[in-house]
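Okay, so here's the structure we're looking at.
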Amino acid sequence: MAAVYDNRLKKNMLLQCDPTVIYALEQNDSYNGTLTLKDLRFSSPYNTYLHAGLPPGPIGNPGEASLRAALNPEPTNYLYFVANTQGGHFFAARWWNITKMWPNITGS
C-alpha cells in the first residue's frame with residue numbers, strides 16, 4: 001500500500017484514502033461504520049478524496065513495519081487497490097483493472 005500512495009503522490013493524484021475520511025468523520029462524531037459516496041464528499045482538510053497531498057496531520061499511530069514500508073516502498077506501477085473479502089487487497093496499475101475485479105470482491 002505504501003508504494004501505491006508513493007506512486008500517487010509522485011503523479012500528483014489524489015490519495016483517495018478511506019481511513020482519512022473515516023478519521024475526519026470520527027472527529028465530527030459522524031462515522032457510523034460504513035463509508036458512503038456522501039461521506040467521500042465530507043468537507044475536511046483530512047479528506048484525501050477532496051484535497052491533494054498528505055493530510056495536515058497524522059490520523060493514527062503506525063507500527064514499525066508501516067513506517068519502514070513508507071520509507072522504502074516496493075517498486076511497483078500500482079496506483080489503485082481495493083479490499084477483498086479475505087482480509088487482503090487487489091492491486092492494479094489502471095482503474096479499469098480494479099473495476100474488472102468487482103465480481104471477485106462483491107461475490108456477484
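By convention in this document, the chains of the C-alpha cells carry letters A, B, ... by their order, each chain's residues are numbered from 1, and ligands are numbered from 1 in the order they are shown.
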Compile the contact shell of region 13-22 of chain A as number ranges by chain: residues with an atom at most 6 Å away, counting only C-alpha atoms, same-chain residues fewer than 6 positions apart removed.
A: 46-49, 52
What's around Glu74 (chain A) at 7 Å? Count only C-alpha atoms, leave out sequence neighbours fewer than 2 positions away in its own chain, and write the answer as an NGL selection string.
:A and (3 or 72 or 76)
Do a neighbour search on Pro75 (chain A) at 12 Å with only C-alpha atoms, toss out local chain neighbours closer than 4 positions, and write the hits as a PyMOL selection string.
chain A and resi 1-7+69-70+79
What gap, in Å, lies between CA of Pro58 (chain A) and CA of Ser44 (chain A)?
13.9 Å
Which of chain A fall in helix (DSSP H, G or I), as a ChimeraX atom specification
/A:2-10,18-27,39-41,64-71,95-100,102-106
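Proximity ranking of A:Leu9, A:Pro73, A:Asn97, A:Leu37 relative to Pro55 (chain A) places A:Leu9 first, based on only C-alpha atoms.
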Just want the 8 Å neighbourhood of Leu25 (chain A), counted on only C-alpha atoms, with same-chain residues fewer than 4 positions away dropped. Output as number ranges by chain.
A: 21, 29-31, 39, 42
Go ahead and write the selection's residues with C-alpha atoms as an mmCIF file, in the first residue's frame.
```cif
data_model
loop_
_atom_site.group_PDB
_atom_site.id
_atom_site.type_symbol
_atom_site.label_atom_id
_atom_site.label_comp_id
_atom_site.auth_asym_id
_atom_site.auth_seq_id
_atom_site.Cartn_x
_atom_site.Cartn_y
_atom_site.Cartn_z
ATOM 1 C CA VAL A 21 -12.253 10.200 5.556
ATOM 2 C CA ASP A 29 -18.918 12.184 15.508
ATOM 3 C CA SER A 30 -20.412 11.328 12.096
ATOM 4 C CA TYR A 31 -18.926 7.913 11.296
ATOM 5 C CA ASP A 39 -19.100 10.608 3.134
ATOM 6 C CA PHE A 42 -17.376 15.351 3.594
#
```
If DSSP is run on the backbone, what residues of region 20-92 of chain A are strand (DSSP E or B)? A reply as JSON, numbers by chain would be ideal.
{"A": [80, 81, 82, 83, 89, 90, 91, 92]}
Same residues, C-alpha atoms, saved as a tab-separated table (two decimals), in the first residue's frame:
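Full text of again.tsv as output:
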```
chain	number	residue	atom	x	y	z
A	80	TYR	CA	-5.04	1.53	-7.11
A	81	PHE	CA	-6.07	-1.04	-4.54
A	82	VAL	CA	-9.30	-2.29	-3.08
A	83	ALA	CA	-10.01	-4.64	-0.18
A	89	HIS	CA	-6.31	-6.43	-1.24
A	90	PHE	CA	-6.33	-6.40	-5.04
A	91	PHE	CA	-3.79	-4.06	-6.66
A	92	ALA	CA	-3.72	-2.62	-10.18
```
